[in-house]
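Notes for the one structure printed next.
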Amino acid sequence: MNSSPYKAAVFQKYEFKKLCHLIGFTKEQIEGVLLNADVTYRSWSEDKLDKKGLVKTYKDGTIKKRTYRNPSVLLKTVQSRINKNIFSRVRFLPNVHGGTKKKSNITNAKEHQGNKYLFGTDLTDFYPNIKASQVYSALIKRGYSPHFAHWLTRLTTTNDEVPQGAPTSNSVSNLVFFETDIQLAAFCKENNITYTRYVDDLTFSSPQNFGPLIENILLLISNNKFKVNHRKTDYARYQLITGIKIFLFKIDGSDKIIEKAKEELLNDKPIKPVNNYLHNIRKTNKKK
């Protein structure tokens with residue numbers, strides 16, 4: 001008698017029980033979520049705006065849209081538990097500053113302080129361009145079983161893409177981009193370039209001019225099937241990095257943030273989030 005199908009069924013049952021235990025839901029609840037995962041999102045679109053607040057358009061004049069997908073209360077809770085109890089255990093490269101504990105756009109920008117040459121770019125439609133098959137493959141590579149990887153993929157994607165607006169999307173995109181992060185980090189280390197990534201914003205800097213190497217960087221990204229937004233690709237001595245101004249000896253908020261902080265003080269608002277944010281940027285410049 002061949003016991004392989006029986007063993008496979010037992011293993012699958014054990015794996016599902018483990019998943020439910022890790023995220024704190026009953027077997028029946030997760031089965032219901034898996035069955036209805038694609039229809040429990042509320043979708044809406046917004047016009048894309050540039051840094052000046054103007055609506056972005058394609059060459060033919062069509063307005064660019066960004067689609068958000070907000071999961072149901074139950075699915076969002078499930079995804080938050082997946083983040084906290086499963087994905088939080090995954091260790092990413094120190095270059096990654098988005099969707100990781102104790103890191104932010106501020107820590108991302110700080111890495112480039114003091115470097116004379118800066119190159120920044122971002123990825124076009126980062127989340128929507130990540131397919132469910134890529135998520136599944138990334139989870140398998142990180143050691144999850146096929147069953148476990150299938151369920152996690154089902155719970156964190158919809159309509160064959162990573163949804164903009166789900167709690168797990170940052171972690172999932174970090175998993176999928178992991179191999180590319182490794183390749184970029186290795187290339188940059190060889191060439192004395194500092195590399196960081198904040199979600200879909202990639203930043204490179206160096207004390208030396210590395211302009212001739214930029215094509216190699218872009219080719220490496222495209223070879224991994226990610227699309228670079230060439231409109232947001234810039235190489236300059238000083239520029240904004242994830243919304244923060246970079247200088248040789250300090251970092252600071254953008255002109256827009258500084259202006260908003262002044263307005264908060266003039267209006268004497270009881271809660272001053274912009275000033276708190278500006279303080280968090282500037283306190284990194286204090287000598288320890």
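Identifiers in the structure tokens: chain A, B, ... in order shown; residue index from 1 per chain; ligand index from 1 in order shown.
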
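Those residues of range 78-196 of chain A that DSSP, working from the backbone, places in strand (DSSP E) are Tyr117, Leu118, Phe119, Gly120, Thr121, Asp122, Thr194, Tyr195 and Thr196 of chain A.
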
Check your understanding: Smallest atom-to-atom distance to Trp44 in chain A: which of A:Arg142, A:Thr121, A:Gly165, A:Val172, using only C-alpha atoms?
Key -> A:Gly165

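Across A:Thr157, A:Asn95, A:Thr57, A:Thr124, the tightest approach to Lys189 in chain A is made by A:Asn95 when counting only C-alpha atoms.
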
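Near Ile241 in chain A, within 10 Å and counting only C-alpha atoms, sit Asn105, Ile106, Asn108, Ala109, Lys110, His112, Leu118, Phe119, Gly120, Thr121, Tyr198, Asp201, Leu202, Thr203, Phe204, Tyr238, Gln239, Gly243, Ile244, Lys245, Ile246, Ile251 and Ser254 of chain A, not including residues fewer than 2 positions from it in the same chain.
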
Exercise for review: Just the residues within 9 Å of Ile23 in chain A, please, counting only C-alpha atoms, with nothing from its chain fewer than 3 positions along; format it as a list in words.
Suggested key: Lys18, Leu19, Cys20, Val78, Gln79, Ser80, Arg81, Ile82, Lys84, Asn85 and Ile86 of chain A

Let me see the file: selected residues, N, CA, C and O atoms, as an mmCIF file, in the first residue's frame.
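part_1.cif written:
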```cif
data_model
loop_
_atom_site.group_PDB
_atom_site.id
_atom_site.type_symbol
_atom_site.label_atom_id
_atom_site.label_comp_id
_atom_site.auth_asym_id
_atom_site.auth_seq_id
_atom_site.Cartn_x
_atom_site.Cartn_y
_atom_site.Cartn_z
ATOM 1 N N LYS A 18 -0.975 24.869 11.595
ATOM 2 C CA LYS A 18 0.118 25.741 12.039
ATOM 3 C C LYS A 18 -0.126 27.181 11.608
ATOM 4 O O LYS A 18 0.076 28.121 12.386
ATOM 5 N N LEU A 19 -0.576 27.378 10.358
ATOM 6 C CA LEU A 19 -0.880 28.718 9.865
ATOM 7 C C LEU A 19 -1.946 29.380 10.731
ATOM 8 O O LEU A 19 -1.789 30.532 11.151
ATOM 9 N N CYS A 20 -3.037 28.658 10.992
ATOM 10 C CA CYS A 20 -4.134 29.205 11.798
ATOM 11 C C CYS A 20 -3.655 29.556 13.202
ATOM 12 O O CYS A 20 -4.043 30.587 13.763
ATOM 13 N N VAL A 78 -6.280 39.652 9.428
ATOM 14 C CA VAL A 78 -5.483 38.472 9.101
ATOM 15 C C VAL A 78 -4.119 38.895 8.561
ATOM 16 O O VAL A 78 -3.076 38.366 8.973
ATOM 17 N N GLN A 79 -4.108 39.864 7.655
ATOM 18 C CA GLN A 79 -2.843 40.329 7.066
ATOM 19 C C GLN A 79 -1.946 40.981 8.111
ATOM 20 O O GLN A 79 -0.723 40.800 8.096
ATOM 21 N N SER A 80 -2.532 41.734 9.028
ATOM 22 C CA SER A 80 -1.748 42.355 10.100
ATOM 23 C C SER A 80 -1.101 41.293 10.979
ATOM 24 O O SER A 80 0.056 41.444 11.409
ATOM 25 N N ARG A 81 -1.845 40.208 11.236
ATOM 26 C CA ARG A 81 -1.280 39.106 12.032
ATOM 27 C C ARG A 81 -0.170 38.390 11.267
ATOM 28 O O ARG A 81 0.827 37.962 11.854
ATOM 29 N N ILE A 82 -0.344 38.243 9.959
ATOM 30 C CA ILE A 82 0.711 37.629 9.128
ATOM 31 C C ILE A 82 1.980 38.476 9.207
ATOM 32 O O ILE A 82 3.090 37.953 9.355
ATOM 33 N N LYS A 84 2.870 40.548 11.640
ATOM 34 C CA LYS A 84 3.421 40.530 13.001
ATOM 35 C C LYS A 84 4.028 39.184 13.382
ATOM 36 O O LYS A 84 5.106 39.126 13.986
ATOM 37 N N ASN A 85 3.351 38.108 13.027
ATOM 38 C CA ASN A 85 3.750 36.793 13.521
ATOM 39 C C ASN A 85 4.533 35.931 12.543
ATOM 40 O O ASN A 85 5.110 34.922 12.936
ATOM 41 N N ILE A 86 4.545 36.323 11.265
ATOM 42 C CA ILE A 86 5.269 35.526 10.264
ATOM 43 C C ILE A 86 6.340 36.349 9.558
ATOM 44 O O ILE A 86 7.531 36.053 9.646
#
```

Exercise for review: Find the residues around Ile217 in chain A up to 12 Å (only C-alpha atoms counted), leave out those fewer than 2 positions away in its own chain, and share them as a PyMOL selection string.
Suggested key: chain A and resi 119-121+180-181+183-188+191+193+195+202-204+210-215+219-224+228+233

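Counting from CA of Asn280 in chain A, the distance to CA of Thr196 in chain A is 19.4 Å.
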
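When only C-alpha atoms are used to measure the gap to Leu22 in chain A, the shortest distance among A:Arg91, A:Ser4, A:Leu152, A:Leu35 belongs to A:Leu152.
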
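CA of Thr107 in chain A sits 18.6 Å away from CA of Ile258 in chain A.
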
Point to revise | DSSP-assigned helix (DSSP H, G or I) members of range 11-233 of chain A, reported as a ChimeraX atom specification | key: /A:11-23,27-35,37-39,73-85,87-89,105-110,132-141,146-156,169-176,178-190,211-223,230-232

Practice item. Take CA of Tyr68 in chain A and CA of Ser43 in chain A and report the distance between them in Å, one decimal. Key: 5.6 Å

**Study point:** Long-range neighbours of Val33 in chain A as a count of residues only, 12 Å cut-off, only C-alpha atoms, 2 positions minimum in chain
**Key:** 29

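Of the listed residues (A:Lys227, A:His97, A:Lys102, A:Lys17), A:His97 comes nearest to Asn174 in chain A; the distances count only C-alpha atoms.
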
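Between Asp200 in chain A and the candidates A:Tyr14, A:Tyr277, A:Phe226, A:Phe249, the tightest atom-to-atom separation, counting only C-alpha atoms, involves A:Phe226.
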
Review point. If you count only C-alpha atoms, which residues fall within 10 Å of Ser171 in chain A, apart from same-chain ones fewer than 6 positions away, as number ranges by chain?
Key: A: 82-83, 87-88, 90, 92, 98-100, 156, 177, 199
